[in-house]
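Participant: The following file, data.pdb, comprises PDB, C-alpha atoms, pLDDT in the B column:
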MODEL        1
ATOM      1  CA  MET A 241      -5.541  30.286  24.600  1.00 45.00           C
ATOM      2  CA  LYS A 242      -9.042  29.732  23.264  1.00 35.00           C
ATOM      3  CA  TYR A 243      -8.029  31.399  20.001  1.00 34.00           C
ATOM      4  CA  VAL A 244      -5.060  29.039  19.674  1.00 33.00           C
ATOM      5  CA  LEU A 245      -7.310  26.037  20.303  1.00 32.00           C
ATOM      6  CA  SER A 246      -9.790  27.340  17.756  1.00 32.00           C
ATOM      7  CA  LEU A 247      -7.022  27.745  15.206  1.00 33.00           C
ATOM      8  CA  LEU A 248      -5.728  24.217  15.824  1.00 34.00           C
ATOM      9  CA  ALA A 249      -9.235  22.792  15.581  1.00 33.00           C
ATOM     10  CA  GLY A 250      -9.754  24.619  12.317  1.00 33.00           C
ATOM     11  CA  LEU A 251      -6.495  23.270  10.902  1.00 31.00           C
ATOM     12  CA  VAL A 252      -7.393  19.714  11.921  1.00 35.00           C
ATOM     13  CA  CYS A 253     -10.879  19.963  10.424  1.00 35.00           C
ATOM     14  CA  GLY A 254      -9.516  21.551   7.261  1.00 32.00           C
ATOM     15  CA  THR A 255      -6.892  18.834   6.830  1.00 34.00           C
ATOM     16  CA  ALA A 256      -9.481  16.112   7.414  1.00 38.00           C
ATOM     17  CA  LEU A 257     -11.804  17.736   4.863  1.00 36.00           C
ATOM     18  CA  VAL A 258      -9.045  17.880   2.242  1.00 42.00           C
ATOM     19  CA  ILE A 259      -8.196  14.201   2.839  1.00 46.00           C
ATOM     20  CA  LEU A 260     -11.865  13.228   2.516  1.00 46.00           C
ATOM     21  CA  VAL A 261     -12.238  15.214  -0.711  1.00 47.00           C
ATOM     22  CA  LEU A 262      -9.125  13.580  -2.161  1.00 51.00           C
ATOM     23  CA  TYR A 263     -10.171  10.099  -1.072  1.00 53.00           C
ATOM     24  CA  TYR A 264     -13.807  10.237  -2.177  1.00 54.00           C
ATOM     25  CA  ASN A 265     -13.392  12.516  -5.193  1.00 56.00           C
ATOM     26  CA  PRO A 266     -15.877  11.065  -7.733  1.00 52.00           C
ATOM     27  CA  LEU A 267     -13.833  12.442 -10.620  1.00 51.00           C
ATOM     28  CA  VAL A 268     -10.857  10.216  -9.744  1.00 56.00           C
ATOM     29  CA  GLN A 269     -10.928   6.850 -11.493  1.00 57.00           C
ATOM     30  CA  GLN A 270      -8.602   4.001 -12.379  1.00 68.00           C
ATOM     31  CA  ASN A 271      -5.934   4.650 -14.992  1.00 74.00           C
ATOM     32  CA  PRO A 272      -7.525   3.947 -18.397  1.00 76.00           C
ATOM     33  CA  ARG A 273      -6.054   1.007 -20.311  1.00 82.00           C
ATOM     34  CA  VAL A 274      -4.818   2.069 -23.730  1.00 78.00           C
ATOM     35  CA  PRO A 275      -4.260  -0.781 -26.240  1.00 81.00           C
ATOM     36  CA  LEU A 276      -0.683  -1.148 -27.408  1.00 89.00           C
ATOM     37  CA  ALA A 277      -0.065  -0.783 -31.121  1.00 79.00           C
ATOM     38  CA  ALA A 278       1.792  -3.985 -32.053  1.00 65.00           C
ATOM     39  CA  ALA A 279       0.373  -7.427 -32.798  1.00 58.00           C
ATOM     40  CA  PRO A 280       0.639 -10.081 -30.039  1.00 58.00           C
ATOM     41  CA  ASP A 281       3.430 -11.938 -31.868  1.00 67.00           C
ATOM     42  CA  ALA A 282       5.563  -8.775 -31.837  1.00 83.00           C
ATOM     43  CA  SER A 283       5.567  -8.333 -28.095  1.00 90.00           C
ATOM     44  CA  VAL A 284       7.341  -9.538 -24.980  1.00 94.00           C
ATOM     45  CA  GLU A 285       5.965  -9.640 -21.445  1.00 96.00           C
ATOM     46  CA  VAL A 286       7.917 -10.077 -18.220  1.00 98.00           C
ATOM     47  CA  PHE A 287       6.637 -10.728 -14.713  1.00 98.00           C
ATOM     48  CA  TYR A 288       7.994 -10.191 -11.204  1.00 98.00           C
ATOM     49  CA  ASP A 289       7.037 -10.670  -7.561  1.00 98.00           C
ATOM     50  CA  THR A 290       8.135  -7.783  -5.341  1.00 97.00           C
ATOM     51  CA  ALA A 291       8.468 -10.085  -2.329  1.00 96.00           C
ATOM     52  CA  THR A 292      10.587 -12.853  -3.865  1.00 97.00           C
ATOM     53  CA  ASP A 293      12.163 -11.355  -6.994  1.00 98.00           C
ATOM     54  CA  THR A 294      13.604  -8.156  -5.509  1.00 98.00           C
ATOM     55  CA  VAL A 295      17.374  -8.617  -5.477  1.00 98.00           C
ATOM     56  CA  ALA A 296      18.059  -5.102  -4.179  1.00 98.00           C
ATOM     57  CA  ARG A 297      15.993  -2.040  -3.334  1.00 97.00           C
ATOM     58  CA  THR A 298      16.767   1.360  -1.898  1.00 96.00           C
ATOM     59  CA  GLY A 299      15.029   4.691  -1.544  1.00 94.00           C
ATOM     60  CA  PRO A 300      14.824   7.791   0.657  1.00 90.00           C
ATOM     61  CA  THR A 301      15.804   7.484   4.301  1.00 85.00           C
ATOM     62  CA  ASP A 302      12.227   8.231   5.397  1.00 85.00           C
ATOM     63  CA  GLY A 303      10.597   6.183   2.622  1.00 88.00           C
ATOM     64  CA  LEU A 304       7.634   3.849   3.127  1.00 91.00           C
ATOM     65  CA  LEU A 305       9.345   0.635   1.986  1.00 95.00           C
ATOM     66  CA  ALA A 306      12.303  -1.156   3.537  1.00 95.00           C
ATOM     67  CA  ALA A 307      15.707  -1.473   1.882  1.00 95.00           C
ATOM     68  CA  VAL A 308      16.768  -4.835   0.420  1.00 96.00           C
ATOM     69  CA  PRO A 309      19.010  -6.070   1.876  1.00 96.00           C
ATOM     70  CA  ALA A 310      18.380  -4.277   5.155  1.00 93.00           C
ATOM     71  CA  SER A 311      21.990  -3.047   5.160  1.00 93.00           C
ATOM     72  CA  ALA A 312      21.644  -1.284   1.792  1.00 94.00           C
ATOM     73  CA  GLU A 313      22.469   2.428   1.755  1.00 92.00           C
ATOM     74  CA  THR A 314      19.500   4.766   1.533  1.00 91.00           C
ATOM     75  CA  LEU A 315      19.326   7.630  -0.978  1.00 89.00           C
ATOM     76  CA  TRP A 316      19.973  10.586   1.293  1.00 87.00           C
ATOM     77  CA  GLU A 317      21.295  13.045  -1.302  1.00 86.00           C
ATOM     78  CA  PRO A 318      18.891  15.970  -1.992  1.00 84.00           C
ATOM     79  CA  ALA A 319      19.004  15.306  -5.751  1.00 83.00           C
ATOM     80  CA  LEU A 320      17.661  11.784  -5.158  1.00 84.00           C
ATOM     81  CA  ALA A 321      14.838  12.707  -2.789  1.00 81.00           C
ATOM     82  CA  TRP A 322      11.629  10.809  -3.620  1.00 87.00           C
ATOM     83  CA  THR A 323      13.563   8.335  -5.787  1.00 94.00           C
ATOM     84  CA  GLU A 324      13.446   4.530  -5.657  1.00 96.00           C
ATOM     85  CA  ALA A 325      15.899   2.106  -7.264  1.00 97.00           C
ATOM     86  CA  ARG A 326      15.095  -1.594  -7.511  1.00 97.00           C
ATOM     87  CA  VAL A 327      16.762  -4.637  -9.126  1.00 98.00           C
ATOM     88  CA  LEU A 328      14.379  -7.477  -9.987  1.00 98.00           C
ATOM     89  CA  VAL A 329      14.549 -10.967 -11.407  1.00 98.00           C
ATOM     90  CA  LEU A 330      12.261 -11.076 -14.450  1.00 98.00           C
ATOM     91  CA  ARG A 331      10.260 -14.187 -15.321  1.00 98.00           C
ATOM     92  CA  ASP A 332       7.968 -15.521 -18.009  1.00 97.00           C
ATOM     93  CA  VAL A 333       4.321 -16.391 -17.428  1.00 96.00           C
ATOM     94  CA  ASP A 334       5.334 -19.872 -16.204  1.00 97.00           C
ATOM     95  CA  GLY A 335       7.750 -18.483 -13.615  1.00 97.00           C
ATOM     96  CA  ARG A 336      10.981 -19.273 -15.470  1.00 98.00           C
ATOM     97  CA  ALA A 337      13.742 -16.685 -15.097  1.00 98.00           C
ATOM     98  CA  LEU A 338      14.331 -14.604 -18.242  1.00 98.00           C
ATOM     99  CA  GLY A 339      16.879 -12.103 -16.957  1.00 98.00           C
ATOM    100  CA  PHE A 340      16.843  -9.060 -14.719  1.00 98.00           C
ATOM    101  CA  GLY A 341      15.603  -5.509 -14.724  1.00 98.00           C
ATOM    102  CA  VAL A 342      16.731  -2.296 -13.054  1.00 98.00           C
ATOM    103  CA  ARG A 343      13.897   0.119 -12.304  1.00 98.00           C
ATOM    104  CA  PHE A 344      14.196   3.749 -11.224  1.00 97.00           C
ATOM    105  CA  ALA A 345      11.211   5.872 -10.203  1.00 96.00           C
ATOM    106  CA  THR A 346      11.027   9.430  -8.898  1.00 95.00           C
ATOM    107  CA  LEU A 347       8.195  11.828  -8.061  1.00 91.00           C
ATOM    108  CA  ASP A 348       7.117  13.916 -11.056  1.00 92.00           C
ATOM    109  CA  SER A 349       6.704  17.671 -10.748  1.00 88.00           C
ATOM    110  CA  GLY A 350       3.306  17.405 -12.448  1.00 86.00           C
ATOM    111  CA  THR A 351       1.728  15.644  -9.449  1.00 83.00           C
ATOM    112  CA  ARG A 352      -1.758  17.060  -8.780  1.00 81.00           C
ATOM    113  CA  PRO A 353      -3.541  15.161  -5.951  1.00 72.00           C
ATOM    114  CA  LEU A 354      -6.722  17.232  -6.365  1.00 71.00           C
ATOM    115  CA  THR A 355      -7.189  15.749  -9.821  1.00 74.00           C
ATOM    116  CA  GLY A 356      -6.128  12.241  -8.829  1.00 78.00           C
ATOM    117  CA  GLU A 357      -2.599  12.445 -10.231  1.00 86.00           C
ATOM    118  CA  LEU A 358       0.196  11.101  -8.040  1.00 90.00           C
ATOM    119  CA  LEU A 359       2.762  10.962 -10.815  1.00 94.00           C
ATOM    120  CA  ALA A 360       6.169   9.305 -10.940  1.00 95.00           C
ATOM    121  CA  ASP A 361       8.713   9.165 -13.741  1.00 96.00           C
ATOM    122  CA  SER A 362       9.884   5.569 -14.196  1.00 97.00           C
ATOM    123  CA  VAL A 363      12.711   4.058 -16.221  1.00 98.00           C
ATOM    124  CA  TRP A 364      13.262   0.331 -16.856  1.00 98.00           C
ATOM    125  CA  ASN A 365      16.542  -1.179 -18.048  1.00 98.00           C
ATOM    126  CA  LEU A 366      15.799  -4.780 -19.022  1.00 98.00           C
ATOM    127  CA  HIS A 367      18.377  -7.461 -19.802  1.00 98.00           C
ATOM    128  CA  LEU A 368      16.985 -10.749 -21.117  1.00 98.00           C
ATOM    129  CA  ALA A 369      19.410 -13.679 -21.314  1.00 97.00           C
ATOM    130  CA  GLY A 370      20.243 -14.723 -24.870  1.00 96.00           C
ATOM    131  CA  ARG A 371      18.012 -12.033 -26.355  1.00 96.00           C
ATOM    132  CA  GLY A 372      19.373  -8.600 -25.532  1.00 97.00           C
ATOM    133  CA  SER A 373      18.453  -5.408 -23.700  1.00 97.00           C
ATOM    134  CA  LEU A 374      15.845  -2.697 -23.977  1.00 97.00           C
ATOM    135  CA  PHE A 375      14.808   0.486 -22.192  1.00 98.00           C
ATOM    136  CA  VAL A 376      11.358   1.670 -21.154  1.00 98.00           C
ATOM    137  CA  ASP A 377      10.645   5.297 -20.253  1.00 98.00           C
ATOM    138  CA  GLY A 378       7.252   5.898 -18.676  1.00 97.00           C
ATOM    139  CA  LEU A 379       5.057   8.059 -16.487  1.00 96.00           C
ATOM    140  CA  ASP A 380       3.146   6.301 -13.707  1.00 96.00           C
ATOM    141  CA  ASN A 381       0.016   7.463 -11.916  1.00 94.00           C
ATOM    142  CA  LEU A 382       0.105   5.918  -8.457  1.00 93.00           C
ATOM    143  CA  TRP A 383      -3.007   7.608  -7.093  1.00 91.00           C
ATOM    144  CA  PRO A 384      -5.319   4.554  -7.517  1.00 91.00           C
ATOM    145  CA  LEU A 385      -2.713   2.468  -5.672  1.00 92.00           C
ATOM    146  CA  ALA A 386      -2.436   5.077  -2.909  1.00 90.00           C
ATOM    147  CA  ARG A 387      -6.186   5.414  -2.603  1.00 89.00           C
ATOM    148  CA  HIS A 388      -7.013   1.717  -2.408  1.00 91.00           C
ATOM    149  CA  VAL A 389      -3.903   0.366  -0.649  1.00 94.00           C
ATOM    150  CA  LEU A 390      -1.761   3.032   1.024  1.00 92.00           C
ATOM    151  CA  VAL A 391      -4.526   5.076   2.666  1.00 89.00           C
ATOM    152  CA  PRO A 392      -6.299   2.013   4.176  1.00 93.00           C
ATOM    153  CA  ALA A 393      -2.937   0.772   5.515  1.00 94.00           C
ATOM    154  CA  TRP A 394      -2.236   4.205   7.004  1.00 90.00           C
ATOM    155  CA  ARG A 395      -5.672   4.272   8.648  1.00 90.00           C
ATOM    156  CA  ALA A 396      -5.317   0.773  10.122  1.00 93.00           C
ATOM    157  CA  GLU A 397      -4.184   0.536  13.744  1.00 94.00           C
ATOM    158  CA  ASP A 398      -1.411  -1.928  12.885  1.00 95.00           C
ATOM    159  CA  GLY A 399      -0.396  -0.124   9.692  1.00 95.00           C
ATOM    160  CA  THR A 400      -1.203  -3.067   7.425  1.00 97.00           C
ATOM    161  CA  TRP A 401      -3.544  -3.703   4.524  1.00 97.00           C
ATOM    162  CA  GLU A 402      -4.526  -7.021   2.938  1.00 97.00           C
ATOM    163  CA  GLY A 403      -6.859  -7.434   0.016  1.00 97.00           C
ATOM    164  CA  SER A 404      -6.845  -7.322  -3.756  1.00 96.00           C
ATOM    165  CA  PHE A 405      -5.897  -4.404  -5.977  1.00 95.00           C
ATOM    166  CA  ASP A 406      -5.361  -4.797  -9.711  1.00 95.00           C
ATOM    167  CA  GLY A 407      -4.620  -2.020 -12.115  1.00 93.00           C
ATOM    168  CA  ASP A 408      -2.349  -0.439 -14.679  1.00 95.00           C
ATOM    169  CA  ILE A 409       0.051   2.145 -13.325  1.00 95.00           C
ATOM    170  CA  THR A 410       1.348   3.475 -16.660  1.00 96.00           C
ATOM    171  CA  ALA A 411      -0.197   6.817 -17.601  1.00 94.00           C
ATOM    172  CA  GLY A 412       2.205   8.238 -20.157  1.00 92.00           C
ATOM    173  CA  PRO A 413       4.201  10.010 -21.441  1.00 93.00           C
ATOM    174  CA  ARG A 414       1.136  11.868 -22.583  1.00 80.00           C
ATOM    175  CA  PRO A 415      -0.881  12.253 -24.715  1.00 85.00           C
ATOM    176  CA  SER A 416      -0.317   8.622 -25.727  1.00 88.00           C
ATOM    177  CA  ARG A 417      -0.738   7.331 -22.112  1.00 91.00           C
ATOM    178  CA  VAL A 418       1.696   4.477 -22.824  1.00 95.00           C
ATOM    179  CA  ALA A 419       5.396   4.188 -22.033  1.00 96.00           C
ATOM    180  CA  VAL A 420       8.085   4.459 -24.726  1.00 96.00           C
ATOM    181  CA  MET A 421      10.421   1.534 -25.486  1.00 96.00           C
ATOM    182  CA  THR A 422      13.835   1.867 -27.113  1.00 96.00           C
ATOM    183  CA  GLY A 423      15.804  -1.215 -28.130  1.00 96.00           C
ATOM    184  CA  GLY A 424      19.308  -1.628 -26.796  1.00 96.00           C
ATOM    185  CA  ALA A 425      21.340  -4.694 -27.783  1.00 97.00           C
ATOM    186  CA  GLY A 426      20.780  -8.144 -29.245  1.00 96.00           C
ATOM    187  CA  ILE A 427      17.542  -8.848 -31.101  1.00 94.00           C
ATOM    188  CA  PHE A 428      16.086  -5.615 -29.717  1.00 95.00           C
ATOM    189  CA  ALA A 429      18.794  -3.414 -31.272  1.00 96.00           C
ATOM    190  CA  GLY A 430      17.264  -0.700 -33.431  1.00 94.00           C
ATOM    191  CA  THR A 431      13.689  -1.419 -32.400  1.00 94.00           C
ATOM    192  CA  ARG A 432      11.156   0.898 -30.821  1.00 94.00           C
ATOM    193  CA  GLY A 433       7.783   0.390 -29.289  1.00 94.00           C
ATOM    194  CA  GLU A 434       5.271   0.953 -26.517  1.00 95.00           C
ATOM    195  CA  ALA A 435       4.907  -0.520 -23.036  1.00 96.00           C
ATOM    196  CA  ARG A 436       2.472  -0.793 -20.159  1.00 96.00           C
ATOM    197  CA  GLU A 437       3.103  -1.840 -16.542  1.00 97.00           C
ATOM    198  CA  SER A 438       0.483  -3.359 -14.231  1.00 97.00           C
ATOM    199  CA  LEU A 439       0.385  -4.294 -10.545  1.00 97.00           C
ATOM    200  CA  SER A 440      -1.626  -6.803  -8.550  1.00 97.00           C
ATOM    201  CA  VAL A 441      -1.219  -5.992  -4.841  1.00 97.00           C
ATOM    202  CA  GLU A 442      -2.033  -8.419  -2.041  1.00 97.00           C
ATOM    203  CA  ALA A 443      -0.611  -6.769   1.081  1.00 98.00           C
ATOM    204  CA  LEU A 444       1.192  -3.701   2.386  1.00 97.00           C
ATOM    205  CA  SER A 445       2.780  -3.302   5.818  1.00 97.00           C
ATOM    206  CA  LEU A 446       3.853   0.208   6.746  1.00 95.00           C
ATOM    207  CA  ARG A 447       5.211  -1.173  10.000  1.00 94.00           C
ATOM    208  CA  ASP A 448       7.689  -3.482   8.244  1.00 94.00           C
ATOM    209  CA  GLY A 449       7.965  -1.558   4.969  1.00 95.00           C
ATOM    210  CA  ARG A 450       6.910  -4.603   2.940  1.00 96.00           C
ATOM    211  CA  LEU A 451       4.851  -4.670  -0.256  1.00 96.00           C
ATOM    212  CA  ALA A 452       3.520  -7.971  -1.603  1.00 97.00           C
ATOM    213  CA  ALA A 453       2.621  -7.472  -5.260  1.00 97.00           C
ATOM    214  CA  ASP A 454       2.895  -9.168  -8.631  1.00 98.00           C
ATOM    215  CA  GLY A 455       3.917  -6.929 -11.490  1.00 98.00           C
ATOM    216  CA  SER A 456       4.007  -7.272 -15.246  1.00 98.00           C
ATOM    217  CA  LEU A 457       5.544  -5.211 -18.028  1.00 98.00           C
ATOM    218  CA  LEU A 458       4.174  -5.684 -21.532  1.00 96.00           C
ATOM    219  CA  VAL A 459       6.303  -4.339 -24.394  1.00 96.00           C
ATOM    220  CA  ALA A 460       4.991  -4.103 -27.952  1.00 94.00           C
ATOM    221  CA  ILE A 461       7.342  -3.576 -30.899  1.00 93.00           C
ATOM    222  CA  THR A 462       6.028  -0.956 -33.319  1.00 90.00           C
ATOM    223  CA  GLY A 463       9.067  -0.510 -35.560  1.00 87.00           C
ATOM    224  CA  GLY A 464      12.687  -1.448 -35.900  1.00 78.00           C
ATOM    225  CA  SER A 465      15.704  -2.410 -37.894  1.00 56.00           C
ATOM    226  CA  GLY A 466      13.873  -4.715 -40.257  1.00 43.00           C
ATOM    227  CA  GLN A 467      14.639  -7.965 -38.464  1.00 45.00           C
ATOM    228  CA  ALA A 468      11.912 -10.551 -38.941  1.00 36.00           C
ATOM    229  CA  ASP A 469       9.757 -11.248 -35.880  1.00 44.00           C
ATOM    230  CA  PRO A 470      12.291  -9.857 -33.377  1.00 44.00           C
ATOM    231  CA  VAL A 471      10.401 -10.879 -30.256  1.00 49.00           C
ATOM    232  CA  SER A 472       8.490 -14.012 -31.148  1.00 48.00           C
ATOM    233  CA  PRO A 473       7.846 -16.231 -28.114  1.00 43.00           C
ATOM    234  CA  GLU A 474      10.195 -19.192 -27.868  1.00 46.00           C
TER     235      GLU A 474
ENDMDL
END
Take the structure in the file and write it out as structure tokens.

Facilitator:
Amino acid sequence: MKYVLSLLAGLVCGTALVILVLYYNPLVQQNPRVPLAAAPDASVEVFYDTATDTVARTGPTDGLLAAVPASAETLWEPALAWTEARVLVLRDVDGRALGFGVRFATLDSGTRPLTGELLADSVWNLHLAGRGSLFVDGLDNLWPLARHVLVPAWRAEDGTWEGSFDGDITAGPRPSRVAVMTGGAGIFAGTRGEARESLSVEALSLRDGRLAADGSLLVAITGGSGQADPVSPE
């Protein structure tokens, strides 16, 4: 029995050591902000609040966040494991509704926690009223979010975290470290560009599966069909 207890103690200590190394790894930093290529007058930026602008959300059965509405089906199929789907109302900087976006994210096979890379492939499908549609294909690094928000919530007795976390989550596709935009319909038809998504988190409750965060997606047009000023602010 003493050998079994020794083995269990060793496993516990080893797991704790790995967690401490991951959490306090001095080589792990925030995602670097890479400037987007286009001029400010050739860009569009949308904003959302995860608490109030989420129309629908679903994910794995054993996921951290709750489904919206609560009766929504979870993604139980093996092919959709570690995948989240969310529909959001998109707004301008003044809070006026611009349209809606559908966002899919799934765990990337290149995830390397030891190097501070908790990677997720993300795809945005944006529809802006009276303007058109566009697609954003990106790679997110969620490790800074996990380190500063998820781990403290997990360590708390009540499973909640409140504070302030601000950072970019876009980390690729690499080597550019910015997401790729492809125009769909309307004034965005035939355009291409770059994009970057950021999050400002205020609270996380693992008990209720609720995340309170403000997000923004900045899209810069770098080329297109030759239309003049396709995304000038109204």

Participant: Any chance you could resolve the PyMOL selection byres ((chain A and resi 413) around 6) against this file and give the residues as a PyMOL selection string?

Facilitator: chain A and resi 378-379+412+414+417+419

Participant: Any chance you could work out the residue set of the PyMOL selection byres ((chain A and resi 343) around 7) here, as a ChimeraX atom specification?

Facilitator: /A:325-327,341-342,344-345,363-365

Participant: What's the separation between CA of Ala429 in chain A and CA of Asp348 in chain A, in Å to one decimal place?

Facilitator: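 Distance reported for this atom pair: 29.1 Å.
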
Participant: Going by the chain IDs and residue numbers used in this file, which residues fall under the PyMOL selection byres ((chain A and resi 448) around 9)? Write them as a list in words.

Facilitator: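 Selected by the PyMOL selection byres ((chain A and resi 448) around 9) in this file: Leu304, Leu305, Ala306, Gly399, Thr400, Leu444, Ser445, Leu446, Arg447, Gly449 and Arg450 of chain A.
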
Participant: Can you tell me which residues surround Asp408 in chain A at a distance of at most 12 Å, considering only C-alpha atoms, apart from same-chain residues fewer than 5 positions away, and format the answer as a list in words?

Facilitator: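 Contacts, in chain order: Gln269, Gln270, Asn271, Pro272, Arg273, Val274, Pro275, Leu379, Asp380, Asn381, Leu382, Trp383, Pro384, Leu385, Arg417, Val418, Ala419, Ala435, Arg436, Glu437, Ser438, Leu439, Ser440, Val441, Asp454, Gly455, Ser456, Leu457 and Leu458 of chain A.
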
Participant: Export, as an mmCIF file, in the coordinates of the input, the selected residues with C-alpha atoms.

Facilitator:
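This is the output file selection15.cif:
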data_model
loop_
_atom_site.group_PDB
_atom_site.id
_atom_site.type_symbol
_atom_site.label_atom_id
_atom_site.label_comp_id
_atom_site.auth_asym_id
_atom_site.auth_seq_id
_atom_site.Cartn_x
_atom_site.Cartn_y
_atom_site.Cartn_z
ATOM 1 C CA GLN A 269 -10.928 6.850 -11.493
ATOM 2 C CA GLN A 270 -8.602 4.001 -12.379
ATOM 3 C CA ASN A 271 -5.934 4.650 -14.992
ATOM 4 C CA PRO A 272 -7.525 3.947 -18.397
ATOM 5 C CA ARG A 273 -6.054 1.007 -20.311
ATOM 6 C CA VAL A 274 -4.818 2.069 -23.730
ATOM 7 C CA PRO A 275 -4.260 -0.781 -26.240
ATOM 8 C CA LEU A 379 5.057 8.059 -16.487
ATOM 9 C CA ASP A 380 3.146 6.301 -13.707
ATOM 10 C CA ASN A 381 0.016 7.463 -11.916
ATOM 11 C CA LEU A 382 0.105 5.918 -8.457
ATOM 12 C CA TRP A 383 -3.007 7.608 -7.093
ATOM 13 C CA PRO A 384 -5.319 4.554 -7.517
ATOM 14 C CA LEU A 385 -2.713 2.468 -5.672
ATOM 15 C CA ARG A 417 -0.738 7.331 -22.112
ATOM 16 C CA VAL A 418 1.696 4.477 -22.824
ATOM 17 C CA ALA A 419 5.396 4.188 -22.033
ATOM 18 C CA ALA A 435 4.907 -0.520 -23.036
ATOM 19 C CA ARG A 436 2.472 -0.793 -20.159
ATOM 20 C CA GLU A 437 3.103 -1.840 -16.542
ATOM 21 C CA SER A 438 0.483 -3.359 -14.231
ATOM 22 C CA LEU A 439 0.385 -4.294 -10.545
ATOM 23 C CA SER A 440 -1.626 -6.803 -8.550
ATOM 24 C CA VAL A 441 -1.219 -5.992 -4.841
ATOM 25 C CA ASP A 454 2.895 -9.168 -8.631
ATOM 26 C CA GLY A 455 3.917 -6.929 -11.490
ATOM 27 C CA SER A 456 4.007 -7.272 -15.246
ATOM 28 C CA LEU A 457 5.544 -5.211 -18.028
ATOM 29 C CA LEU A 458 4.174 -5.684 -21.532
#

Participant: Would you compute, for all listed atoms of range 332-335 of chain A, the axis-aligned bounding box grown by 8 Å on each side, and then report its centre and edge lengths in Å rounded to one decimal, as AutoDock Vina command-line options?

Facilitator:
--center_x 6.1 --center_y -17.7 --center_z -15.8 --size_x 19.6 --size_y 20.4 --size_z 20.4

Participant: For a test of reading the model, state the distance in Å between CA of Gly335 in chain A and CA of Phe287 in chain A, rounded to one decimal.

Facilitator: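 Computing it gives 7.9 Å between the two atoms.
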
Participant: Smallest atom-to-atom distance to Ala425 in chain A: which of A:Trp394, A:Phe375, A:Tyr288, A:Phe405, using all atoms listed in the file?

Facilitator: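 Closest to Ala425 in chain A, using all atoms listed in the file: A:Phe375.
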
Participant: Excluding range 290-298 of chain A and its own-chain neighbours fewer than 2 positions away, which residues fall within 6 Å of it when counting only C-alpha atoms? Please give them as a ChimeraX atom specification.

Facilitator: /A:307-308,314,324-329,452-453

Participant: Using C-alpha atoms, can you write the selected residues to a file as a PDB file, in the coordinates of the input?

Facilitator:
ATOM      1  CA  ALA A 307      15.707  -1.473   1.882  1.00 95.00           C
ATOM      2  CA  VAL A 308      16.768  -4.835   0.420  1.00 96.00           C
ATOM      3  CA  THR A 314      19.500   4.766   1.533  1.00 91.00           C
ATOM      4  CA  GLU A 324      13.446   4.530  -5.657  1.00 96.00           C
ATOM      5  CA  ALA A 325      15.899   2.106  -7.264  1.00 97.00           C
ATOM      6  CA  ARG A 326      15.095  -1.594  -7.511  1.00 97.00           C
ATOM      7  CA  VAL A 327      16.762  -4.637  -9.126  1.00 98.00           C
ATOM      8  CA  LEU A 328      14.379  -7.477  -9.987  1.00 98.00           C
ATOM      9  CA  VAL A 329      14.549 -10.967 -11.407  1.00 98.00           C
ATOM     10  CA  ALA A 452       3.520  -7.971  -1.603  1.00 97.00           C
ATOM     11  CA  ALA A 453       2.621  -7.472  -5.260  1.00 97.00           C
TER      12      ALA A 453
END
